[in-house]
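Trainee: If you scroll down you'll find the structure; I have some questions about it.
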Amino acid sequence: MAESLQSFKSYIGKSESATDVVTASAMVKFAATLGLENPPLEKGAPIPPGWYGGFFPASHRPAQMRPDGQPSGGGIMPPIPLPRRRIGGTRVSFHEPLRIGDEIARKTEIADIKIDEGPDGAMATIVERNSISNSRGLAVVEERDMVMLSEARAAAAGQTAPPVPGKAKWQQIIEPNPPLLFRFSAIRFNSHRIHYDRDYVTRVEKLPGLVVQSSLISQLLIEMCRRELPAQQLTGFEFQNLRSIYDSGGKFVIAGAPSSDNRTASLWALDADGRTAMIATAKFAP
């Protein structure tokens, strides 16, 4: 399989474009899902960082869908024949606030494809770069590592957990109930069945419960920064997934600590057993 997987590197550099409009209704949905007060909704009001995920919905039709609900290929996305898909990590830089009423454009490109065939099976990492602009210029650049795994590689993943990154100054307990996971997937038009279809995730992928979206965990970490450092402007955020968190495990913990000058913050998420599931770093304007 290694040789055939290498052939998908021909997709590197492919790109596509989309347009959308920043609406107040999307902000209301985000606030309701996260249990927050509505942000300012008048035309021209800036939207909170990370809430751009409510725009540019996926456009693949049912005939272009894998059994897990994800795109099967077509367009710029390579149809890599590995059955399990996860998000390995994401890096975001914030340049210009998106505002209510903005007409926005997104360029999506395949920045890189990395192939790894180890003793535990095959893995392909697709680095997808999304550049979002408004009339004032570049607003957000997001790079996502979309990881495709063989069943054996997926089963071997997350067997060990690194130590907790540090001593928490901030901490919040999160209950990953099905309505929260469903609503967050609905906002992002994310049809990956591991987040809402319990029969599929337990019987087909043999996982213990619904998988809490990495995008949800990372957004909760961003909200923690906004709450604890309200005067700081977020300029960058990156996270790395280390293991999945499941709703069947019960409540999980998000935590963090700022640097001495409040220019950065170290953040992490712990699963219900106290194992490190995600590590993240936030960067703020001086």
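Ordering of the structure tokens sets the chain letters (A, B, ...), residue numbers begin anew at 1 in every chain, and ligands are numbered from 1 in the order given.
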Among stretch 5-215 of chain A, which residues carry a DSSP assignment of alpha helix (DSSP H), reported as a ChimeraX atom specification?
Mentor: /A:5-6,24-34,151-156,178-187,198-203,214-215
Trainee: How would the residues just chosen look if you wrote them out with N, CA and C atoms as a compact mmCIF listing (two decimals), in the first residue's frame?
Mentor:
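Listed below is the output, again_38.txt:
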# COMPACT_ATOMS: atom_id res chain seq x y z
N LEU A 5 -0.12 4.85 -1.74
CA LEU A 5 -0.36 6.03 -0.92
C LEU A 5 0.55 7.18 -1.33
N GLN A 6 1.79 6.87 -1.67
CA GLN A 6 2.71 7.92 -2.12
C GLN A 6 2.18 8.65 -3.34
N ALA A 24 -25.20 37.28 11.86
CA ALA A 24 -25.47 37.30 13.30
C ALA A 24 -26.08 35.99 13.75
N SER A 25 -26.88 35.33 12.91
CA SER A 25 -27.53 34.08 13.31
C SER A 25 -26.51 33.00 13.64
N ALA A 26 -25.40 32.96 12.91
CA ALA A 26 -24.36 31.98 13.21
C ALA A 26 -23.75 32.25 14.58
N MET A 27 -23.63 33.52 14.95
CA MET A 27 -23.08 33.86 16.26
C MET A 27 -24.03 33.44 17.38
N VAL A 28 -25.33 33.57 17.15
CA VAL A 28 -26.32 33.15 18.14
C VAL A 28 -26.22 31.64 18.36
N LYS A 29 -26.03 30.88 17.29
CA LYS A 29 -25.90 29.42 17.40
C LYS A 29 -24.65 29.04 18.19
N PHE A 30 -23.54 29.71 17.90
CA PHE A 30 -22.31 29.43 18.64
C PHE A 30 -22.50 29.73 20.13
N ALA A 31 -23.05 30.88 20.45
CA ALA A 31 -23.22 31.28 21.85
C ALA A 31 -24.14 30.30 22.58
N ALA A 32 -25.23 29.91 21.94
CA ALA A 32 -26.16 28.98 22.57
C ALA A 32 -25.50 27.63 22.82
N THR A 33 -24.73 27.15 21.87
CA THR A 33 -24.08 25.85 22.00
C THR A 33 -23.05 25.85 23.11
N LEU A 34 -22.29 26.94 23.22
CA LEU A 34 -21.22 27.02 24.21
C LEU A 34 -21.71 27.54 25.57
N GLU A 151 -7.05 0.58 10.17
CA GLU A 151 -7.70 0.15 11.41
C GLU A 151 -6.66 -0.22 12.47
N ALA A 152 -5.59 -0.89 12.04
CA ALA A 152 -4.55 -1.29 13.00
C ALA A 152 -3.86 -0.08 13.59
N ARG A 153 -3.57 0.93 12.76
CA ARG A 153 -2.89 2.14 13.25
C ARG A 153 -3.81 2.91 14.20
N ALA A 154 -5.10 2.95 13.89
CA ALA A 154 -6.04 3.65 14.76
C ALA A 154 -6.14 2.96 16.11
N ALA A 155 -6.12 1.62 16.10
CA ALA A 155 -6.22 0.88 17.35
C ALA A 155 -5.00 1.08 18.23
N ALA A 156 -3.85 1.32 17.61
CA ALA A 156 -2.60 1.49 18.36
C ALA A 156 -2.40 2.91 18.86
N PRO A 178 -24.41 14.39 24.64
CA PRO A 178 -24.73 14.30 23.21
C PRO A 178 -25.31 15.56 22.59
N PRO A 179 -26.21 16.31 23.26
CA PRO A 179 -26.69 17.55 22.63
C PRO A 179 -25.57 18.55 22.33
N LEU A 180 -24.59 18.66 23.23
CA LEU A 180 -23.46 19.57 22.98
C LEU A 180 -22.70 19.14 21.73
N LEU A 181 -22.38 17.85 21.63
CA LEU A 181 -21.63 17.35 20.48
C LEU A 181 -22.43 17.51 19.20
N PHE A 182 -23.73 17.20 19.27
CA PHE A 182 -24.57 17.31 18.07
C PHE A 182 -24.66 18.76 17.60
N ARG A 183 -24.91 19.68 18.53
CA ARG A 183 -25.08 21.07 18.12
C ARG A 183 -23.79 21.64 17.55
N PHE A 184 -22.65 21.26 18.13
CA PHE A 184 -21.40 21.79 17.61
C PHE A 184 -21.12 21.24 16.21
N SER A 185 -21.42 19.96 15.99
CA SER A 185 -21.26 19.40 14.64
C SER A 185 -22.21 20.08 13.67
N ALA A 186 -23.44 20.38 14.13
CA ALA A 186 -24.42 21.01 13.25
C ALA A 186 -23.98 22.41 12.83
N ILE A 187 -23.42 23.18 13.76
CA ILE A 187 -22.94 24.53 13.43
C ILE A 187 -21.90 24.46 12.31
N ARG A 198 -24.01 6.86 17.78
CA ARG A 198 -23.45 5.94 18.77
C ARG A 198 -23.36 4.51 18.23
N ASP A 199 -24.36 4.08 17.47
CA ASP A 199 -24.29 2.73 16.91
C ASP A 199 -23.09 2.58 15.99
N TYR A 200 -22.87 3.58 15.14
CA TYR A 200 -21.73 3.51 14.22
C TYR A 200 -20.41 3.50 14.98
N VAL A 201 -20.24 4.43 15.91
CA VAL A 201 -18.93 4.59 16.54
C VAL A 201 -18.58 3.39 17.42
N THR A 202 -19.57 2.76 18.05
CA THR A 202 -19.29 1.63 18.92
C THR A 202 -19.23 0.31 18.17
N ARG A 203 -20.06 0.15 17.14
CA ARG A 203 -20.12 -1.14 16.44
C ARG A 203 -19.14 -1.23 15.27
N SER A 214 -12.28 17.61 18.43
CA SER A 214 -11.09 18.38 18.80
C SER A 214 -11.34 19.87 18.60
N SER A 215 -12.15 20.21 17.59
CA SER A 215 -12.47 21.62 17.35
C SER A 215 -13.29 22.20 18.50
Trainee: Please report, as CSV, each residue of stretch 57-101 of chain A lying at most 10 Å from stretch 7-19 of chain A, together with the nearest pair of atoms and the separation in Å rounded to one decimal; use only C-alpha atoms, and order rows by chain and ascending residue number.
Mentor:
residue,atom,partner,partner_atom,distance
A:Pro57,CA,A:Ala18,CA,9.6
A:Gly75,CA,A:Glu16,CA,7.8
A:Ile76,CA,A:Lys14,CA,5.6
A:Met77,CA,A:Tyr11,CA,7.5
A:Pro78,CA,A:Phe8,CA,6.4
A:Pro79,CA,A:Phe8,CA,8.2
A:Ile80,CA,A:Phe8,CA,7.3
Trainee: Go through stretch 48-100 of chain A and flag each residue having an atom no more than 12 Å from stretch 265-285 of chain A; for those, report the closest pair of atoms plus their distance in Å to one decimal, using only C-alpha atoms, ordered by chain and rising number, as CSV.
Mentor:
residue,atom,partner,partner_atom,distance
A:Pro49,CA,A:Ala282,CA,11.5
A:Ile87,CA,A:Met278,CA,11.3
A:Gly88,CA,A:Met278,CA,9.9
A:Gly89,CA,A:Met278,CA,9.1
A:Thr90,CA,A:Ala280,CA,9.4
A:Arg91,CA,A:Thr281,CA,9.5
A:Val92,CA,A:Ala282,CA,9.6
A:Ser93,CA,A:Lys283,CA,9.1
A:Phe94,CA,A:Lys283,CA,9.9
A:His95,CA,A:Ala285,CA,10.5
Trainee: With N, CA, C and O atoms kept, could you save the residues just selected as a PDB file, in the first residue's frame?
Mentor:
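Dumped everything to part.pdb:
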ATOM      1  N   PRO A  49     -12.837  35.075  18.259  1.00  0.00           N
ATOM      2  CA  PRO A  49     -11.868  34.241  17.548  1.00  0.00           C
ATOM      3  C   PRO A  49     -12.292  32.765  17.580  1.00  0.00           C
ATOM      4  O   PRO A  49     -12.735  32.259  18.603  1.00  0.00           O
ATOM      5  N   ILE A  87      -8.360  14.392  13.517  1.00  0.00           N
ATOM      6  CA  ILE A  87      -7.601  15.641  13.412  1.00  0.00           C
ATOM      7  C   ILE A  87      -6.383  15.515  14.319  1.00  0.00           C
ATOM      8  O   ILE A  87      -6.516  15.283  15.527  1.00  0.00           O
ATOM      9  N   GLY A  88      -5.189  15.632  13.738  1.00  0.00           N
ATOM     10  CA  GLY A  88      -3.974  15.494  14.522  1.00  0.00           C
ATOM     11  C   GLY A  88      -3.607  16.769  15.252  1.00  0.00           C
ATOM     12  O   GLY A  88      -3.170  16.743  16.409  1.00  0.00           O
ATOM     13  N   GLY A  89      -3.791  17.907  14.599  1.00  0.00           N
ATOM     14  CA  GLY A  89      -3.473  19.192  15.211  1.00  0.00           C
ATOM     15  C   GLY A  89      -3.906  20.321  14.302  1.00  0.00           C
ATOM     16  O   GLY A  89      -4.245  20.099  13.130  1.00  0.00           O
ATOM     17  N   THR A  90      -3.909  21.525  14.819  1.00  0.00           N
ATOM     18  CA  THR A  90      -4.328  22.706  14.059  1.00  0.00           C
ATOM     19  C   THR A  90      -3.505  23.898  14.518  1.00  0.00           C
ATOM     20  O   THR A  90      -3.182  24.028  15.703  1.00  0.00           O
ATOM     21  N   ARG A  91      -3.181  24.759  13.558  1.00  0.00           N
ATOM     22  CA  ARG A  91      -2.455  26.003  13.836  1.00  0.00           C
ATOM     23  C   ARG A  91      -3.229  27.157  13.185  1.00  0.00           C
ATOM     24  O   ARG A  91      -3.538  27.083  11.991  1.00  0.00           O
ATOM     25  N   VAL A  92      -3.536  28.182  13.974  1.00  0.00           N
ATOM     26  CA  VAL A  92      -4.333  29.304  13.474  1.00  0.00           C
ATOM     27  C   VAL A  92      -3.629  30.610  13.795  1.00  0.00           C
ATOM     28  O   VAL A  92      -3.119  30.796  14.912  1.00  0.00           O
ATOM     29  N   SER A  93      -3.601  31.506  12.822  1.00  0.00           N
ATOM     30  CA  SER A  93      -3.141  32.874  13.066  1.00  0.00           C
ATOM     31  C   SER A  93      -4.276  33.835  12.735  1.00  0.00           C
ATOM     32  O   SER A  93      -4.968  33.674  11.728  1.00  0.00           O
ATOM     33  N   PHE A  94      -4.472  34.820  13.621  1.00  0.00           N
ATOM     34  CA  PHE A  94      -5.545  35.804  13.461  1.00  0.00           C
ATOM     35  C   PHE A  94      -4.918  37.142  13.077  1.00  0.00           C
ATOM     36  O   PHE A  94      -4.090  37.681  13.812  1.00  0.00           O
ATOM     37  N   HIS A  95      -5.317  37.676  11.928  1.00  0.00           N
ATOM     38  CA  HIS A  95      -4.708  38.901  11.400  1.00  0.00           C
ATOM     39  C   HIS A  95      -5.648  40.100  11.458  1.00  0.00           C
ATOM     40  O   HIS A  95      -5.231  41.208  11.812  1.00  0.00           O
TER      41      HIS A  95
END
Trainee: Quick one: distance from atom CA of A:Gln172 to atom CA of A:Tyr246 in Å, one decimal?
Mentor: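 Computing it gives 17.0 Å between the two atoms.
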Trainee: Once DSSP has gone over the backbone, tell me which residues of stretch 52-166 of chain A are in strand (DSSP E or B), as a PyMOL selection string.
Mentor: chain A and resi 65+71+74+77+84-94+99+103-118+121-134+137-149
Trainee: When you draw a straight line from atom CA of A:Ser248 to atom CA of A:Ala122, how long is it in Å?
Mentor: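 Between these atoms lies a distance of 27.8 Å.
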Trainee: From the options A:Cys225, A:Leu220, A:Ile245, A:Ile126, which residue's atoms come nearest to A:Gly35, counting only C-alpha atoms?
Mentor: A:Leu220
Trainee: Leaving out A:Ala58 and any residue of its chain fewer than 6 positions from it, which residues lie within 9 Å of it when counting only C-alpha atoms, given as number ranges by chain?
Mentor: A: 71, 188-191
Trainee: Restricting the output to all heavy atoms, write the selected residues as an mmCIF file, in the first residue's frame.
Mentor:
data_model
loop_
_atom_site.group_PDB
_atom_site.id
_atom_site.type_symbol
_atom_site.label_atom_id
_atom_site.label_comp_id
_atom_site.auth_asym_id
_atom_site.auth_seq_id
_atom_site.Cartn_x
_atom_site.Cartn_y
_atom_site.Cartn_z
ATOM 1 N N PRO A 71 -16.066 13.308 3.424
ATOM 2 C CA PRO A 71 -15.965 13.306 1.963
ATOM 3 C C PRO A 71 -15.172 12.110 1.452
ATOM 4 O O PRO A 71 -14.159 11.716 2.046
ATOM 5 C CB PRO A 71 -15.244 14.623 1.648
ATOM 6 C CG PRO A 71 -15.479 15.483 2.835
ATOM 7 C CD PRO A 71 -15.545 14.554 4.012
ATOM 8 N N ARG A 188 -21.019 23.501 12.383
ATOM 9 C CA ARG A 188 -19.925 23.381 11.427
ATOM 10 C C ARG A 188 -20.279 22.495 10.238
ATOM 11 O O ARG A 188 -19.442 22.256 9.367
ATOM 12 C CB ARG A 188 -18.678 22.847 12.133
ATOM 13 C CG ARG A 188 -18.180 23.767 13.240
ATOM 14 C CD ARG A 188 -17.075 23.115 14.065
ATOM 15 N NE ARG A 188 -15.873 22.881 13.285
ATOM 16 C CZ ARG A 188 -14.854 23.728 13.165
ATOM 17 N NH1 ARG A 188 -14.909 24.901 13.781
ATOM 18 N NH2 ARG A 188 -13.802 23.421 12.450
ATOM 19 N N PHE A 189 -21.524 21.999 10.180
ATOM 20 C CA PHE A 189 -21.997 21.108 9.120
ATOM 21 C C PHE A 189 -21.034 19.924 8.984
ATOM 22 O O PHE A 189 -20.631 19.531 7.906
ATOM 23 C CB PHE A 189 -22.137 21.854 7.797
ATOM 24 C CG PHE A 189 -23.114 21.211 6.842
ATOM 25 C CD1 PHE A 189 -24.406 20.940 7.241
ATOM 26 C CD2 PHE A 189 -22.733 20.887 5.560
ATOM 27 C CE1 PHE A 189 -25.307 20.348 6.370
ATOM 28 C CE2 PHE A 189 -23.628 20.287 4.675
ATOM 29 C CZ PHE A 189 -24.916 20.017 5.088
ATOM 30 N N ASN A 190 -20.656 19.389 10.137
ATOM 31 C CA ASN A 190 -19.705 18.287 10.212
ATOM 32 C C ASN A 190 -20.478 16.978 10.321
ATOM 33 O O ASN A 190 -21.116 16.707 11.345
ATOM 34 C CB ASN A 190 -18.797 18.477 11.435
ATOM 35 C CG ASN A 190 -17.811 17.337 11.626
ATOM 36 O OD1 ASN A 190 -17.729 16.412 10.824
ATOM 37 N ND2 ASN A 190 -17.050 17.404 12.707
ATOM 38 N N SER A 191 -20.433 16.151 9.287
ATOM 39 C CA SER A 191 -21.221 14.921 9.264
ATOM 40 C C SER A 191 -20.431 13.685 9.673
ATOM 41 O O SER A 191 -20.889 12.555 9.465
ATOM 42 C CB SER A 191 -21.808 14.703 7.859
ATOM 43 O OG SER A 191 -20.785 14.686 6.878
#
Trainee: Can you measure atom CA of A:Gly74 to atom CA of A:Met146 for me? One decimal in Å is fine.
Mentor: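 Value for the atom CA of A:Gly74-atom CA of A:Met146 distance: 16.1 Å.
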Trainee: Could you give me, as a PDB file with C-alpha atoms, in the first residue's frame, the residues within 12 Å of A:Arg86, counting only C-alpha atoms and dropping anything in the same chain fewer than 2 positions from it?
Mentor:
ATOM      1  CA  ASP A  68     -18.092   7.455   8.181  1.00  0.00           C
ATOM      2  CA  GLN A  70     -16.722  12.302   5.581  1.00  0.00           C
ATOM      3  CA  LEU A  82      -7.745   4.426   4.821  1.00  0.00           C
ATOM      4  CA  PRO A  83     -10.883   3.924   6.939  1.00  0.00           C
ATOM      5  CA  ARG A  84     -10.283   6.035  10.047  1.00  0.00           C
ATOM      6  CA  GLY A  88      -3.974  15.494  14.522  1.00  0.00           C
ATOM      7  CA  GLY A  89      -3.473  19.192  15.211  1.00  0.00           C
ATOM      8  CA  THR A  90      -4.328  22.706  14.059  1.00  0.00           C
ATOM      9  CA  MET A 123      -1.050   6.657   8.230  1.00  0.00           C
ATOM     10  CA  ALA A 124      -1.454   9.598   5.867  1.00  0.00           C
ATOM     11  CA  THR A 125      -1.452  13.197   7.128  1.00  0.00           C
ATOM     12  CA  ILE A 126      -3.062  15.796   4.859  1.00  0.00           C
ATOM     13  CA  ARG A 144      -5.223  21.466   9.908  1.00  0.00           C
ATOM     14  CA  ASP A 145      -3.510  18.090  10.015  1.00  0.00           C
ATOM     15  CA  MET A 146      -6.134  15.597   8.861  1.00  0.00           C
ATOM     16  CA  VAL A 147      -4.893  12.135   9.738  1.00  0.00           C
ATOM     17  CA  MET A 148      -6.073   9.051   7.835  1.00  0.00           C
ATOM     18  CA  LEU A 149      -5.365   5.729   9.549  1.00  0.00           C
ATOM     19  CA  SER A 150      -5.603   2.035   8.869  1.00  0.00           C
ATOM     20  CA  ARG A 153      -2.892   2.139  13.252  1.00  0.00           C
ATOM     21  CA  ALA A 154      -6.044   3.645  14.757  1.00  0.00           C
ATOM     22  CA  ALA A 157      -2.974   5.269  18.674  1.00  0.00           C
ATOM     23  CA  GLY A 158      -3.103   6.988  22.063  1.00  0.00           C
ATOM     24  CA  HIS A 192     -18.450  12.726  10.724  1.00  0.00           C
ATOM     25  CA  ARG A 193     -20.502  10.003  12.403  1.00  0.00           C
ATOM     26  CA  ILE A 194     -18.077   9.427  15.287  1.00  0.00           C
ATOM     27  CA  HIS A 195     -19.464  12.577  16.939  1.00  0.00           C
ATOM     28  CA  VAL A 211     -15.799  11.248  20.180  1.00  0.00           C
ATOM     29  CA  VAL A 212     -15.658  14.809  21.493  1.00  0.00           C
ATOM     30  CA  GLN A 213     -14.631  17.033  18.586  1.00  0.00           C
ATOM     31  CA  SER A 214     -11.095  18.381  18.803  1.00  0.00           C
ATOM     32  CA  SER A 215     -12.466  21.620  17.355  1.00  0.00           C
ATOM     33  CA  GLN A 240      -2.037  18.905  19.187  1.00  0.00           C
ATOM     34  CA  ASN A 241      -4.338  15.956  19.762  1.00  0.00           C
ATOM     35  CA  LEU A 242      -2.794  13.225  21.887  1.00  0.00           C
ATOM     36  CA  ARG A 243      -5.787  10.960  22.505  1.00  0.00           C
ATOM     37  CA  SER A 244      -9.550  11.056  22.026  1.00  0.00           C
TER      38      SER A 244
END
